Structure formats: structure tokens, C-alpha cells
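One structure is given here, and the rest of the page talks about it.
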Amino acid sequence: MDQAPPPGLARETLAELLAAQGDRLYALALRTTRDPDLAAEAVQEAFASALEHAGAFTGAAKPSTWLHRIVYTKSIDQLRRRRREVALPDEPAELGPEDDRLAHLAAWPRPPDELLFAAETRAALERAIGELAPVQRAILELMEMEGHSSQEVGQMLGLPPATVRVYLHRARLRLRARLAPHFRSGLR
Amino acid sequence: MNCQELLRRLGEYGEANLSPDLCSAIERHLSECEPCEELRRDLMDLSRLCQQAEPARLPDTLRRRLERLLQR
């Protein structure tokens with residue numbers, strides 16, 4: 001069991017987090033903003049803010065969770081400032097009729113692994129992810145790509161874990177629908 | 001469990017907090033309902049695909065800038 005860190009966060013701890021989790025923090029910012037320049041700005045602002053407010057760290061969450069939260073917030077700030085996207089669109093926090101409709105679409109023709117993992121499929125996946133809302137992209141990165149639990153991601157994004165699971169499920173249904181034509185044409 | 005309940009629960013399936021009874025009900029439904037089983041397989045394939053995504057790397061210039069910031 002992790003021992004609760006003491007209140008306040010040392011500069012050295014932030015340096016350790018940068019070394020150990022810098023790539024993941026940048027991946028979260030890049031997935032959320034979809035722009036390498038905005039992602040870099042967000043990560044830089046996040047570390048500056050973490051340093052400035054390190055004394056206010058209470059230890060209620062793990063330091064890495066706290067830092068992920070700041071990176072996500074700064075990423076959303078970047079999008080807001082540029083008015084690029086609605087960061088948190090009005091997504092229902094419960095599954096509804098539109099999700100049922102997506103779930104009942106025809107299944108993929110079973111793609112063999114060489115098609116499932118082909119470069120074209122990965123490019124199609126990236127395009128499809130790009131059409132999701134920023135919060136869904138962030139959840140997808142943290143849960144599908146990095147394997148965090150809905151509990152952890154809820155703390156990172158400031159959402160109830162049940163809402164995180166609904167957003168993830170809806171995102172996956174949308175990706176499934178979006179990728180279906182790719183697999184159908186790839187198997188012709 | 002019907003298809004709609006299955007859909008509500010599929011998002012949680014795989015996380016550790018489901019009761020054994022609920023897991024059994026999900027598995028029983030999946031074994032009897034081909035469309036829901038196909039949906040589950042698609043979502044599993046999607047997860048495998050996501051896990052193959054190229055991981056992003058913090059650019060070296062930014063890493064050095066942050067290291068300097070934290071050394072001050």
C-alpha cells in the first residue's frame with residue numbers, strides 16, 4: 001500500500017515525476033489538445049503551476065494524480081484560449097438512446113490481426129479519436145492506452161468514476177462505429 | 001439480464017468492482033446473445049488496437065527546459 005505523501009511537495013519530487021512520467025503527462029496534453037505546440041505549452045504551464053503551488057499539496061491524492069490533473073486543466077485552458085473546441089460538451093453522464101443505437105450497429109467483419117494492427121488502421125483510429133470531445137480523448141488515453149482505473153482517472157479529471165466509465169464506453173462505441181467502414185473496405 | 005442492461009454494464013465489465021453475481025449474469029447473457037458477444041469482441045479488438053498506438057514522447061527541448069525550471 002502506498003504511504004500517504006506528506007503535505008507539500010518537494011521540488012525533487014516534481015523532478016522525479018518529470019523523469020518518470022514526463023512522456024505520459026505530455027501524451028495526456030497532446031491527446032487532449034491534438035496540437036504539439038499547445039501540448040508543450042500546457043505541460044510547461046503545469047510544471048510552473050505545480051512548483052508555485054507545491055506547498056498547497058495536501059497528499060489527498062498521489063503526486064502523479066495531482067500533476068495529471070494540472071496538466072489536463074492546463075490543456076483545456078489552452079483549447080479555451082484558442083476557442084478551438086468546446087472542452088466539455090454537453091454530454092449526458094448516463095448512457096441513453098443514442099448509445100443504444102451505436103451499440104446495435106452491425107459488428108465489424110472479424111479483422112485479422114494484420115489488418116487490425118496495420119498502419120492504415122492506426123491512422124484511421126487516430127482520425128476517429130480526433131473527432132471525439134477533448135474529455136473523451138483524455139479518458140481514452142488514460143484508460144485504454146495507459147491502463148488507469150476509472151477511479152484514478154476520475155481523480156485526474158475531476159469527474160465521478162461512474163461518469164468516466166460512461167464517457168469511455170460512449171467513446172468506444174463511437175470509435176467502433178467510425179472504424180467499421182475501414183474494416184469492411186479492408187476485407188473486400 | 002437483457003441487451004440494454006448488458007450495454008449499461010459492459011462499460012464496467014473488466015474493472016475489478018463488479019460483483020461475481022453480476023459478472024456471471026453478463027457472461028451468461030454473452031454466451032446466449034450473438035449481437036452482444038460481437039459487440040464485446042469489437043470493443044476488445046478496439047482496446048487491443050488502442051494499446052498498439054505509438055506512445056508520445058516529451059520533446060527533448062521541453063524536457064531540458066523543465067529540468068532547468070525544477071533545478072532553480
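So you can find residues: chains in the C-alpha cells are A, B, ... in the order shown, residues in each start at 1, and ligands are numbered from 1 in order.
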
Listing only residues of chain A within 9 Å of chain B, what is the closest atom pair and its distance in Å (to one decimal) for each, using only C-alpha atoms, sorted by chain and residue number ascending, as a tab-separated table?
residue	atom	partner	partner_atom	distance
A:Arg11	CA	B:Leu70	CA	6.3
A:Glu12	CA	B:Leu70	CA	7.7
A:Leu14	CA	B:Leu70	CA	7.3
A:Ala15	CA	B:Leu70	CA	6.2
A:Leu18	CA	B:Arg63	CA	7.9
A:Ala19	CA	B:Arg63	CA	8.6
A:Gly22	CA	B:Leu58	CA	6.1
A:Asp23	CA	B:Leu58	CA	4.7
A:Arg24	CA	B:Ala56	CA	7.4
A:Leu25	CA	B:Leu58	CA	8.1
A:Tyr26	CA	B:Leu58	CA	5.5
A:Ala27	CA	B:Ala56	CA	5.1
A:Leu28	CA	B:Ala56	CA	8.9
A:Leu30	CA	B:Ala56	CA	7.9
A:Ala40	CA	B:Leu62	CA	7.0
A:Val43	CA	B:Leu62	CA	8.7
A:Gln44	CA	B:Leu66	CA	6.8
A:Phe47	CA	B:Leu66	CA	7.3
A:Ala48	CA	B:Leu69	CA	7.7
A:Leu51	CA	B:Leu70	CA	7.8
A:Glu94	CA	B:Arg8	CA	8.8
A:Leu95	CA	B:Arg8	CA	6.8
A:Asp99	CA	B:Leu7	CA	8.7
A:Asp100	CA	B:Gln4	CA	7.3
A:Ala103	CA	B:Leu39	CA	7.0
A:His104	CA	B:Pro35	CA	7.7
A:Leu105	CA	B:Leu39	CA	8.9
A:Ala106	CA	B:Pro35	CA	8.2
A:Ala107	CA	B:Glu38	CA	6.0
A:Trp108	CA	B:Asp42	CA	6.5
A:Arg110	CA	B:Asp42	CA	8.2
A:Pro111	CA	B:Asp45	CA	8.8
A:Leu116	CA	B:Leu49	CA	6.7
A:Phe117	CA	B:Leu49	CA	6.4
A:Thr121	CA	B:Leu49	CA	8.5
A:Arg122	CA	B:Ala53	CA	6.9
A:Leu125	CA	B:Cys50	CA	8.0
A:Glu126	CA	B:Ala53	CA	8.6
A:Leu140	CA	B:Cys50	CA	8.5
A:Glu141	CA	B:Cys50	CA	8.5
A:Glu144	CA	B:Ser47	CA	6.2
A:Met145	CA	B:Gln51	CA	5.0
A:Glu146	CA	B:Gln51	CA	7.9
A:Gly147	CA	B:Gln51	CA	9.0
A:Ser149	CA	B:Glu15	CA	7.4
A:Ser150	CA	B:Glu15	CA	8.3
A:Ala162	CA	B:Glu12	CA	8.8
A:Arg165	CA	B:Gly11	CA	6.0
A:Val166	CA	B:Gly11	CA	6.8
A:Leu168	CA	B:Gly11	CA	7.5
A:His169	CA	B:Gly11	CA	5.2
A:Arg170	CA	B:Gly11	CA	8.6
A:Arg172	CA	B:Leu43	CA	6.9
A:Leu173	CA	B:Leu43	CA	7.8
A:Leu175	CA	B:Leu46	CA	8.0
A:Arg176	CA	B:Asp42	CA	7.1

Legend entry - Interatomic distance (Å, one decimal) between CA of Glu120 in chain A and CA of Gln21 in chain A: 29.0 Å

Inset, instruction - Just give me the gap between CA of Asp35 in chain A and CA of Leu79 in chain A in Å, one decimal is fine. - result: 9.7 Å

Inset, instruction - Could you give me, as an MDAnalysis selection string, each residue of chain B that DSSP assigns to alpha helix (DSSP H) when run on this structure's backbone? - result: chainID B and resid 3:10 20:32 34:51 60:71
